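Listing of model_2.cif; format and content: mmCIF, C-alpha atoms and all ligand atoms.
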```cif
data_final
loop_
_atom_site.group_PDB
_atom_site.id
_atom_site.type_symbol
_atom_site.label_atom_id
_atom_site.label_comp_id
_atom_site.auth_asym_id
_atom_site.auth_seq_id
_atom_site.Cartn_x
_atom_site.Cartn_y
_atom_site.Cartn_z
ATOM 1 C CA MET A 23 40.598 40.415 43.962
ATOM 2 C CA ALA A 24 42.263 43.810 44.263
ATOM 3 C CA LYS A 25 45.435 43.850 42.202
ATOM 4 C CA LYS A 26 48.463 43.338 44.385
ATOM 5 C CA LYS A 27 51.030 46.101 44.338
ATOM 6 C CA THR A 28 54.644 45.352 44.965
ATOM 7 C CA ALA A 29 58.070 46.851 44.787
ATOM 8 C CA GLU A 30 61.434 45.493 45.755
ATOM 9 C CA LEU A 31 61.852 47.460 48.962
ATOM 10 C CA ILE A 32 59.719 49.016 51.675
ATOM 11 C CA TRP A 33 60.415 51.408 54.540
ATOM 12 C CA PHE A 34 59.348 49.861 57.864
ATOM 13 C CA ASN A 35 60.046 51.517 61.234
ATOM 14 C CA GLY A 36 63.163 53.291 60.079
ATOM 15 C CA GLU A 37 64.631 50.474 58.024
ATOM 16 C CA ILE A 38 64.539 49.849 54.283
ATOM 17 C CA MET A 39 63.917 46.128 53.872
ATOM 18 C CA PRO A 40 62.748 43.609 51.233
ATOM 19 C CA TRP A 41 59.008 43.995 50.533
ATOM 20 C CA GLN A 42 58.169 40.430 51.605
ATOM 21 C CA ASN A 43 59.815 40.885 55.025
ATOM 22 C CA ALA A 44 57.514 43.737 56.066
ATOM 23 C CA THR A 45 54.909 41.664 57.908
ATOM 24 C CA VAL A 46 52.828 42.103 61.061
ATOM 25 C CA HIS A 47 51.142 39.762 63.535
ATOM 26 C CA VAL A 48 47.498 38.727 63.017
ATOM 27 C CA MET A 49 46.690 40.310 66.393
ATOM 28 C CA THR A 50 47.754 43.727 65.094
ATOM 29 C CA HIS A 51 45.444 46.295 66.726
ATOM 30 C CA ALA A 52 44.751 48.104 63.440
ATOM 31 C CA ILE A 53 43.378 44.930 61.812
ATOM 32 C CA HIS A 54 40.849 44.501 64.608
ATOM 33 C CA TYR A 55 39.881 48.110 65.293
ATOM 34 C CA GLY A 56 40.839 50.137 62.206
ATOM 35 C CA SER A 57 43.380 52.080 64.246
ATOM 36 C CA SER A 58 45.549 53.393 61.443
ATOM 37 C CA VAL A 59 46.109 56.717 59.729
ATOM 38 C CA PHE A 60 47.578 56.895 56.281
ATOM 39 C CA GLU A 61 48.343 58.953 53.200
ATOM 40 C CA GLY A 62 48.331 58.537 49.467
ATOM 41 C CA VAL A 63 51.073 60.512 47.780
ATOM 42 C CA ARG A 64 52.320 60.521 44.205
ATOM 43 C CA ALA A 65 55.729 61.000 42.677
ATOM 44 C CA TYR A 66 55.972 62.038 39.033
ATOM 45 C CA HIS A 67 58.777 61.884 36.539
ATOM 46 C CA THR A 68 59.464 65.400 35.314
ATOM 47 C CA PRO A 69 61.785 66.297 32.431
ATOM 48 C CA HIS A 70 63.173 69.333 34.271
ATOM 49 C CA LYS A 71 63.652 68.123 37.867
ATOM 50 C CA GLY A 72 63.791 64.330 37.567
ATOM 51 C CA THR A 73 61.457 62.355 39.809
ATOM 52 C CA CYS A 74 59.581 64.630 42.220
ATOM 53 C CA VAL A 75 57.180 63.947 45.068
ATOM 54 C CA PHE A 76 54.084 66.132 44.758
ATOM 55 C CA ARG A 77 53.088 68.197 47.797
ATOM 56 C CA LEU A 78 55.185 66.074 50.154
ATOM 57 C CA GLN A 79 55.115 68.561 53.009
ATOM 58 C CA GLU A 80 51.301 68.767 53.005
ATOM 59 C CA HIS A 81 50.864 64.989 52.912
ATOM 60 C CA SER A 82 53.301 64.381 55.770
ATOM 61 C CA GLN A 83 51.608 67.140 57.754
ATOM 62 C CA ARG A 84 48.164 65.607 57.161
ATOM 63 C CA LEU A 85 49.462 62.236 58.369
ATOM 64 C CA LEU A 86 50.600 63.883 61.600
ATOM 65 C CA ASP A 87 47.311 65.805 61.840
ATOM 66 C CA SER A 88 45.261 62.610 61.422
ATOM 67 C CA ALA A 89 47.350 61.007 64.173
ATOM 68 C CA LYS A 90 46.853 64.051 66.414
ATOM 69 C CA ILE A 91 43.058 63.775 66.196
ATOM 70 C CA TYR A 92 43.315 60.159 67.385
ATOM 71 C CA ARG A 93 45.974 61.031 70.020
ATOM 72 C CA MET A 94 48.380 58.649 68.297
ATOM 73 C CA THR A 95 52.116 59.047 68.705
ATOM 74 C CA ILE A 96 54.057 58.577 65.479
ATOM 75 C CA PRO A 97 57.673 58.309 66.613
ATOM 76 C CA TYR A 98 59.019 60.264 63.626
ATOM 77 C CA SER A 99 59.123 63.990 62.873
ATOM 78 C CA LEU A 100 57.693 65.674 59.799
ATOM 79 C CA GLU A 101 61.218 66.026 58.397
ATOM 80 C CA GLU A 102 61.994 62.361 59.014
ATOM 81 C CA ILE A 103 58.772 61.283 57.282
ATOM 82 C CA ASN A 104 59.576 63.558 54.329
ATOM 83 C CA GLN A 105 63.072 62.121 54.043
ATOM 84 C CA ALA A 106 61.891 58.518 54.375
ATOM 85 C CA THR A 107 59.347 59.124 51.585
ATOM 86 C CA LEU A 108 62.041 60.408 49.240
ATOM 87 C CA ASP A 109 64.388 57.577 50.266
ATOM 88 C CA ILE A 110 61.962 54.750 49.485
ATOM 89 C CA VAL A 111 61.104 56.092 46.023
ATOM 90 C CA LYS A 112 64.803 56.399 45.310
ATOM 91 C CA ALA A 113 65.696 52.994 46.800
ATOM 92 C CA ASN A 114 63.153 51.330 44.501
ATOM 93 C CA LYS A 115 64.533 53.257 41.509
ATOM 94 C CA LEU A 116 60.976 54.363 40.672
ATOM 95 C CA LYS A 117 60.518 57.071 38.076
ATOM 96 C CA SER A 118 56.929 57.660 39.127
ATOM 97 C CA ALA A 119 55.150 56.148 42.091
ATOM 98 C CA TYR A 120 52.149 55.962 44.343
ATOM 99 C CA ILE A 121 53.358 56.233 47.903
ATOM 100 C CA ARG A 122 51.507 54.879 50.904
ATOM 101 C CA PRO A 123 52.717 56.001 54.326
ATOM 102 C CA ILE A 124 50.700 54.296 57.075
ATOM 103 C CA ALA A 125 50.976 54.619 60.839
ATOM 104 C CA PHE A 126 49.137 52.031 62.893
ATOM 105 C CA TYR A 127 48.936 50.370 66.259
ATOM 106 C CA GLY A 128 50.699 47.053 65.956
ATOM 107 C CA ASP A 129 50.598 44.005 68.213
ATOM 108 C CA ILE A 130 50.034 46.068 71.371
ATOM 109 C CA GLY A 131 47.382 43.838 72.919
ATOM 110 C CA MET A 132 43.633 43.690 72.533
ATOM 111 C CA GLY A 133 41.199 46.249 73.883
ATOM 112 C CA LEU A 134 40.174 49.755 72.983
ATOM 113 C CA GLN A 135 41.950 51.572 75.774
ATOM 114 C CA VAL A 136 45.311 52.178 74.202
ATOM 115 C CA PRO A 137 47.558 53.806 76.822
ATOM 116 C CA PHE A 138 48.393 57.406 75.853
ATOM 117 C CA GLY A 139 51.863 57.652 74.410
ATOM 118 C CA THR A 140 51.781 54.190 72.803
ATOM 119 C CA GLU A 141 53.860 54.517 69.676
ATOM 120 C CA THR A 142 52.597 53.508 66.262
ATOM 121 C CA GLU A 143 54.468 51.532 63.682
ATOM 122 C CA LEU A 144 55.221 53.428 60.482
ATOM 123 C CA VAL A 145 55.416 51.945 57.017
ATOM 124 C CA ILE A 146 56.106 53.786 53.783
ATOM 125 C CA ALA A 147 55.487 51.784 50.628
ATOM 126 C CA ALA A 148 56.145 53.090 47.110
ATOM 127 C CA PHE A 149 55.118 51.300 43.941
ATOM 128 C CA GLU A 150 53.880 51.921 40.422
ATOM 129 C CA TRP A 151 50.198 52.712 40.020
ATOM 130 C CA GLY A 152 48.542 54.143 36.924
ATOM 131 C CA ALA A 153 45.320 56.143 36.532
ATOM 132 C CA TYR A 154 43.023 55.069 39.416
ATOM 133 C CA LEU A 155 39.765 55.647 37.496
ATOM 134 C CA GLY A 156 41.289 54.496 34.178
ATOM 135 C CA GLU A 157 43.269 56.195 31.397
ATOM 136 C CA GLU A 158 40.131 56.402 29.280
ATOM 137 C CA GLY A 159 38.305 58.122 32.166
ATOM 138 C CA LEU A 160 40.980 60.819 32.360
ATOM 139 C CA LYS A 161 40.195 61.771 28.767
ATOM 140 C CA ASN A 162 36.517 61.091 28.283
ATOM 141 C CA GLY A 163 35.170 61.130 31.812
ATOM 142 C CA VAL A 164 33.718 58.464 34.077
ATOM 143 C CA ASP A 165 30.140 57.457 34.837
ATOM 144 C CA ALA A 166 29.277 58.054 38.477
ATOM 145 C CA GLY A 167 26.250 57.274 40.603
ATOM 146 C CA VAL A 168 24.895 58.781 43.808
ATOM 147 C CA SER A 169 25.219 56.232 46.584
ATOM 148 C CA SER A 170 22.436 55.172 48.926
ATOM 149 C CA TRP A 171 25.101 55.233 51.653
ATOM 150 C CA ASN A 172 25.698 58.612 53.291
ATOM 151 C CA ARG A 173 29.118 59.789 54.332
ATOM 152 C CA LEU A 174 29.881 59.817 58.042
ATOM 153 C CA ALA A 175 27.781 62.205 60.097
ATOM 154 C CA ALA A 176 29.468 65.084 61.868
ATOM 155 C CA ASN A 177 30.805 64.109 65.293
ATOM 156 C CA THR A 178 30.637 60.389 64.652
ATOM 157 C CA MET A 179 33.950 59.722 62.909
ATOM 158 C CA PRO A 180 36.067 62.681 61.818
ATOM 159 C CA THR A 181 36.246 62.698 58.030
ATOM 160 C CA GLY A 182 39.029 65.280 58.249
ATOM 161 C CA ALA A 183 41.305 62.500 59.520
ATOM 162 C CA LYS A 184 42.513 60.054 56.894
ATOM 163 C CA ALA A 185 42.009 57.041 59.127
ATOM 164 C CA GLY A 186 41.794 53.376 58.116
ATOM 165 C CA GLY A 187 38.359 52.873 59.687
ATOM 166 C CA ASN A 188 36.787 55.600 57.524
ATOM 167 C CA TYR A 189 37.457 53.542 54.436
ATOM 168 C CA LEU A 190 34.723 51.062 55.269
ATOM 169 C CA SER A 191 32.375 53.923 54.349
ATOM 170 C CA SER A 192 34.302 54.481 51.114
ATOM 171 C CA GLN A 193 34.160 50.757 50.316
ATOM 172 C CA LEU A 194 30.372 50.660 50.711
ATOM 173 C CA ILE A 195 30.040 53.668 48.405
ATOM 174 C CA SER A 196 32.328 52.351 45.684
ATOM 175 C CA MET A 197 31.007 48.774 45.892
ATOM 176 C CA GLU A 198 27.459 49.945 45.330
ATOM 177 C CA ALA A 199 28.588 52.112 42.420
ATOM 178 C CA ARG A 200 30.372 49.197 40.740
ATOM 179 C CA ARG A 201 27.364 46.940 41.276
ATOM 180 C CA HIS A 202 25.244 49.476 39.397
ATOM 181 C CA GLY A 203 27.778 49.685 36.570
ATOM 182 C CA TYR A 204 29.353 53.006 37.533
ATOM 183 C CA VAL A 205 33.066 53.639 37.806
ATOM 184 C CA GLU A 206 32.722 55.592 41.046
ATOM 185 C CA GLY A 207 30.160 56.526 43.675
ATOM 186 C CA ILE A 208 29.250 59.988 44.920
ATOM 187 C CA ALA A 209 28.084 60.216 48.507
ATOM 188 C CA LEU A 210 25.734 62.675 50.132
ATOM 189 C CA ASP A 211 26.253 63.806 53.702
ATOM 190 C CA ARG A 212 23.784 63.223 56.553
ATOM 191 C CA ASN A 213 21.928 66.408 55.511
ATOM 192 C CA GLY A 214 21.372 65.014 52.013
ATOM 193 C CA LEU A 215 23.822 67.477 50.457
ATOM 194 C CA VAL A 216 26.632 66.458 48.134
ATOM 195 C CA SER A 217 29.748 65.338 49.990
ATOM 196 C CA GLU A 218 32.434 63.654 47.866
ATOM 197 C CA GLY A 219 33.379 60.576 45.881
ATOM 198 C CA ALA A 220 34.422 57.366 47.621
ATOM 199 C CA GLY A 221 38.039 58.514 47.428
ATOM 200 C CA GLU A 222 37.880 61.845 45.625
ATOM 201 C CA ASN A 223 36.667 65.407 46.140
ATOM 202 C CA LEU A 224 34.153 66.884 43.715
ATOM 203 C CA PHE A 225 33.920 70.081 41.698
ATOM 204 C CA VAL A 226 30.686 71.132 40.004
ATOM 205 C CA ILE A 227 30.706 73.797 37.276
ATOM 206 C CA ARG A 228 27.718 75.706 35.932
ATOM 207 C CA ASN A 229 27.672 78.915 33.903
ATOM 208 C CA GLY A 230 31.418 79.349 34.372
ATOM 209 C CA ILE A 231 31.186 79.250 38.192
ATOM 210 C CA VAL A 232 33.134 76.538 39.919
ATOM 211 C CA MET A 233 31.806 75.104 43.168
ATOM 212 C CA THR A 234 33.227 72.528 45.514
ATOM 213 C CA THR A 235 31.750 71.101 48.687
ATOM 214 C CA PRO A 236 32.916 72.674 51.966
ATOM 215 C CA VAL A 237 34.925 70.932 54.691
ATOM 216 C CA THR A 238 31.698 70.793 56.718
ATOM 217 C CA ALA A 239 30.128 68.433 54.136
ATOM 218 C CA ALA A 240 31.806 65.308 55.597
ATOM 219 C CA ILE A 241 34.719 65.416 53.174
ATOM 220 C CA LEU A 242 38.378 64.663 53.533
ATOM 221 C CA PRO A 243 39.824 68.073 52.640
ATOM 222 C CA GLY A 244 41.955 66.837 49.783
ATOM 223 C CA ILE A 245 45.359 68.125 48.843
ATOM 224 C CA THR A 246 44.401 67.748 45.179
ATOM 225 C CA ARG A 247 41.235 69.766 45.945
ATOM 226 C CA ASP A 248 43.483 72.518 47.236
ATOM 227 C CA THR A 249 45.669 72.174 44.133
ATOM 228 C CA VAL A 250 42.655 72.459 41.820
ATOM 229 C CA ILE A 251 41.316 75.505 43.716
ATOM 230 C CA THR A 252 44.731 77.174 43.539
ATOM 231 C CA LEU A 253 45.198 76.438 39.815
ATOM 232 C CA LEU A 254 41.681 77.625 38.941
ATOM 233 C CA LYS A 255 42.089 80.865 40.908
ATOM 234 C CA ASP A 256 45.462 81.372 39.252
ATOM 235 C CA MET A 257 43.700 81.104 35.873
ATOM 236 C CA GLY A 258 41.172 83.740 36.972
ATOM 237 C CA TYR A 259 38.196 81.527 37.856
ATOM 238 C CA GLU A 260 36.022 82.116 40.860
ATOM 239 C CA VAL A 261 35.812 79.041 43.075
ATOM 240 C CA ARG A 262 33.025 78.813 45.641
ATOM 241 C CA GLU A 263 33.266 76.432 48.571
ATOM 242 C CA GLN A 264 29.580 75.948 49.207
ATOM 243 C CA ASN A 265 26.861 73.431 49.928
ATOM 244 C CA ILE A 266 25.761 71.658 46.768
ATOM 245 C CA PRO A 267 22.299 70.073 46.477
ATOM 246 C CA ARG A 268 21.987 66.720 44.725
ATOM 247 C CA GLU A 269 20.107 68.175 41.756
ATOM 248 C CA ALA A 270 23.069 70.431 40.937
ATOM 249 C CA LEU A 271 24.840 67.225 39.841
ATOM 250 C CA TYR A 272 22.158 66.675 37.182
ATOM 251 C CA LEU A 273 22.230 70.301 35.960
ATOM 252 C CA ALA A 274 25.989 70.805 35.911
ATOM 253 C CA ASP A 275 27.832 71.824 32.741
ATOM 254 C CA GLU A 276 30.908 70.009 34.057
ATOM 255 C CA ILE A 277 31.863 67.863 37.047
ATOM 256 C CA LEU A 278 35.314 66.719 37.999
ATOM 257 C CA MET A 279 36.646 64.384 40.647
ATOM 258 C CA CYS A 280 40.074 64.830 42.115
ATOM 259 C CA GLY A 281 42.391 63.040 44.469
ATOM 260 C CA THR A 282 45.938 61.797 44.624
ATOM 261 C CA ALA A 283 44.984 58.438 43.108
ATOM 262 C CA ALA A 284 42.274 59.771 40.747
ATOM 263 C CA GLU A 285 44.305 62.888 39.837
ATOM 264 C CA VAL A 286 41.881 65.178 37.915
ATOM 265 C CA THR A 287 39.160 63.089 36.267
ATOM 266 C CA PRO A 288 36.055 64.406 34.469
ATOM 267 C CA VAL A 289 32.650 62.929 35.319
ATOM 268 C CA ARG A 290 30.566 62.410 32.183
ATOM 269 C CA SER A 291 27.319 61.216 33.737
ATOM 270 C CA VAL A 292 25.643 61.013 37.132
ATOM 271 C CA ASP A 293 22.916 58.399 37.653
ATOM 272 C CA GLY A 294 22.777 57.990 33.877
ATOM 273 C CA ILE A 295 22.139 61.700 33.243
ATOM 274 C CA PRO A 296 24.812 63.216 30.968
ATOM 275 C CA VAL A 297 26.881 65.993 32.522
ATOM 276 C CA GLY A 298 26.826 68.881 30.017
ATOM 277 C CA ASN A 299 27.616 67.348 26.643
ATOM 278 C CA GLY A 300 28.544 64.046 28.255
ATOM 279 C CA GLY A 301 32.307 64.372 27.998
ATOM 280 C CA ARG A 302 35.165 66.466 29.330
ATOM 281 C CA GLY A 303 34.163 70.124 29.612
ATOM 282 C CA PRO A 304 36.426 73.079 28.733
ATOM 283 C CA ILE A 305 37.213 74.255 32.283
ATOM 284 C CA THR A 306 37.937 70.690 33.363
ATOM 285 C CA GLU A 307 40.301 70.318 30.411
ATOM 286 C CA LYS A 308 42.081 73.559 31.305
ATOM 287 C CA VAL A 309 42.604 72.620 34.934
ATOM 288 C CA GLN A 310 43.625 69.091 33.967
ATOM 289 C CA ASN A 311 46.235 70.524 31.593
ATOM 290 C CA ALA A 312 47.450 72.900 34.297
ATOM 291 C CA PHE A 313 47.656 69.988 36.757
ATOM 292 C CA PHE A 314 49.570 67.600 34.502
ATOM 293 C CA GLY A 315 51.566 70.594 33.242
ATOM 294 C CA LEU A 316 53.154 70.810 36.692
ATOM 295 C CA PHE A 317 54.884 67.525 35.888
ATOM 296 C CA SER A 318 55.663 68.125 32.208
ATOM 297 C CA GLY A 319 57.061 71.541 33.132
ATOM 298 C CA GLU A 320 54.444 73.447 31.118
ATOM 299 C CA THR A 321 52.888 74.832 34.305
ATOM 300 C CA GLU A 322 55.309 76.839 36.406
ATOM 301 C CA ASP A 323 55.483 75.453 39.949
ATOM 302 C CA LYS A 324 55.021 78.822 41.641
ATOM 303 C CA TRP A 325 54.076 77.171 44.877
ATOM 304 C CA GLY A 326 57.062 74.893 45.441
ATOM 305 C CA TRP A 327 54.906 71.769 45.247
ATOM 306 C CA LEU A 328 57.543 69.523 43.665
ATOM 307 C CA THR A 329 60.269 67.960 45.801
ATOM 308 C CA PRO A 330 62.964 66.202 43.749
ATOM 309 C CA ILE A 331 64.020 62.851 45.215
ATOM 310 C CA GLU A 332 67.675 63.639 44.576
HETATM 311 N N1 LIG L 1 38.274 62.093 49.875
HETATM 312 C C1 LIG L 1 38.593 60.857 50.261
HETATM 313 C C2 LIG L 1 37.607 60.065 51.034
HETATM 314 C C3 LIG L 1 39.838 60.315 49.919
HETATM 315 O O1 LIG L 1 40.161 59.087 50.279
HETATM 316 C C4 LIG L 1 40.744 61.086 49.153
HETATM 317 C C5 LIG L 1 42.063 60.502 48.746
HETATM 318 N N2 LIG L 1 43.033 60.701 49.738
HETATM 319 C C6 LIG L 1 40.372 62.383 48.790
HETATM 320 C C7 LIG L 1 39.126 62.855 49.167
HETATM 321 C C8 LIG L 1 41.307 63.260 48.028
HETATM 322 O O2 LIG L 1 42.374 63.648 48.851
HETATM 323 P P1 LIG L 1 43.810 63.973 48.266
HETATM 324 O O3 LIG L 1 43.618 64.907 47.160
HETATM 325 O O4 LIG L 1 44.533 64.593 49.403
HETATM 326 O O5 LIG L 1 44.405 62.691 47.828
#
```
As structure tokens - that is how I would like this structure written.
Ligand code: PMP
Amino acid sequence: MAKKKTAELIWFNGEIMPWQNATVHVMTHAIHYGSSVFEGVRAYHTPHKGTCVFRLQEHSQRLLDSAKIYRMTIPYSLEEINQATLDIVKANKLKSAYIRPIAFYGDIGMGLQVPFGTETELVIAAFEWGAYLGEEGLKNGVDAGVSSWNRLAANTMPTGAKAGGNYLSSQLISMEARRHGYVEGIALDRNGLVSEGAGENLFVIRNGIVMTTPVTAAILPGITRDTVITLLKDMGYEVREQNIPREALYLADEILMCGTAAEVTPVRSVDGIPVGNGGRGPITEKVQNAFFGLFSGETEDKWGWLTPIE
């Protein structure tokens, strides 16, 4: 069973309430039809600014963007969502946290034709959650496998929306990977080109050139992906957003996966073939240090990515 996450308090439709009171009816629309949009956000303890939410503005904006694609009305503004996110981390006295805002159609009645203007519920949960792909993986890399399941084809379900229903695809990809003894699965798109991990974007490095798959390769354009691109460019690396064929995974010097949950994690093998020397490569280590340096204070936050909760 997936490990249960809890905290003392949760933000539910404008109210901070005890975790166990935040319940919904079994006829909730989102349970039946996947009609939810959500975010994964992290807060880090920093020695210089206290607890800070990372890239809050971008996550709240993506939540609203996901809702816009599905013509959902979230009855809160960007500013209100930002504030509520800070409030729930603070209310739970969390030093660091994984934050899960989720907007969904509640008990609005059955049927697919949701009247335009129907408001969603909004929940923001914050709780402790360590390294998603394991502490050991952060250092030494994880074993990944290419999935037999493709990511969603263009114009079937929009992968650019972080919607609940899309995660059935992610579950198939990660389940298969686990069954084959891998920590995570890598999916190809409908054209057979590399897309992304079940819940992470991918970077492939060869001969000092860093490549990542484009937004047209059925990916969720990750906020961590943008962070990694920005940090690498800031360090003087060229980053190419380009189509990546499957075999490039087997010939890479380095591969890294990134996402809010996975942070920046090296991949040490794909389908049993070692990536480079089979551990964390030098560029991956540099960008990982730059990433975690944002929270230790060693990397200057030139971009205003940290929002203190106080
Ligand atoms: N792709 C998928 C399918 C994801 O679920 C995630 C995690 N949100 C990502 C990529 C990475 O996105 P982000 O860096 O914004 O967390």
Since I can't run it myself right now, could you work out what the PyMOL selection byres (((chain A and resi 40) around 6) and not hetatm) selects here and report it as a PyMOL selection string?
chain A and resi 30-31+39+41-43
Output C-alpha atoms for every residue in the selection just made, as an mmCIF file, in the coordinates of the input.
```
data_model
loop_
_atom_site.group_PDB
_atom_site.id
_atom_site.type_symbol
_atom_site.label_atom_id
_atom_site.label_comp_id
_atom_site.auth_asym_id
_atom_site.auth_seq_id
_atom_site.Cartn_x
_atom_site.Cartn_y
_atom_site.Cartn_z
ATOM 1 C CA GLU A 30 61.434 45.493 45.755
ATOM 2 C CA LEU A 31 61.852 47.460 48.962
ATOM 3 C CA MET A 39 63.917 46.128 53.872
ATOM 4 C CA TRP A 41 59.008 43.995 50.533
ATOM 5 C CA GLN A 42 58.169 40.430 51.605
ATOM 6 C CA ASN A 43 59.815 40.885 55.025
#
```
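Nearest to A:Arg201 of all the residues A:Ser169, A:Asn223, A:Thr249, A:Thr235 is A:Ser169, counting only C-alpha atoms.
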- [ ] Check every protein, DNA and RNA residue against ligand LIG 1 (chain L), keep those with an atom at most 6 Å away (counting only C-alpha atoms and all ligand atoms), and present them as a list in words.
- [x] Gly62, Ala220, Gly221, Glu222, Asn223, Ile241, Leu242, Gly244, Ile245, Thr246, Arg247, Gly281 and Thr282 of chain A
Edge lengths and centre in Å to one decimal, as lines of an AutoDock Vina configuration file, is what I'm after for the box along x, y and z that holds all listed atoms of stretch 239-251 of chain A once 4 Å is added on each side.
```
center_x = 37.9
center_y = 70.1
center_z = 48.7
size_x = 23.5
size_y = 18.8
size_z = 21.8
```
For A:Gly152, the closest of A:Met279, A:Val111, A:Ala119, A:Ala52 counting all atoms listed in the file is A:Ala119
Do you know which residues are at most 8 Å from stretch 307-320 of chain A counting only C-alpha atoms, after dropping those on the same chain fewer than 5 positions away, and could you put them as JSON, numbers by chain?
-> {"A": [66, 67, 68, 69, 70, 249, 250, 253, 254, 286, 287, 302]}
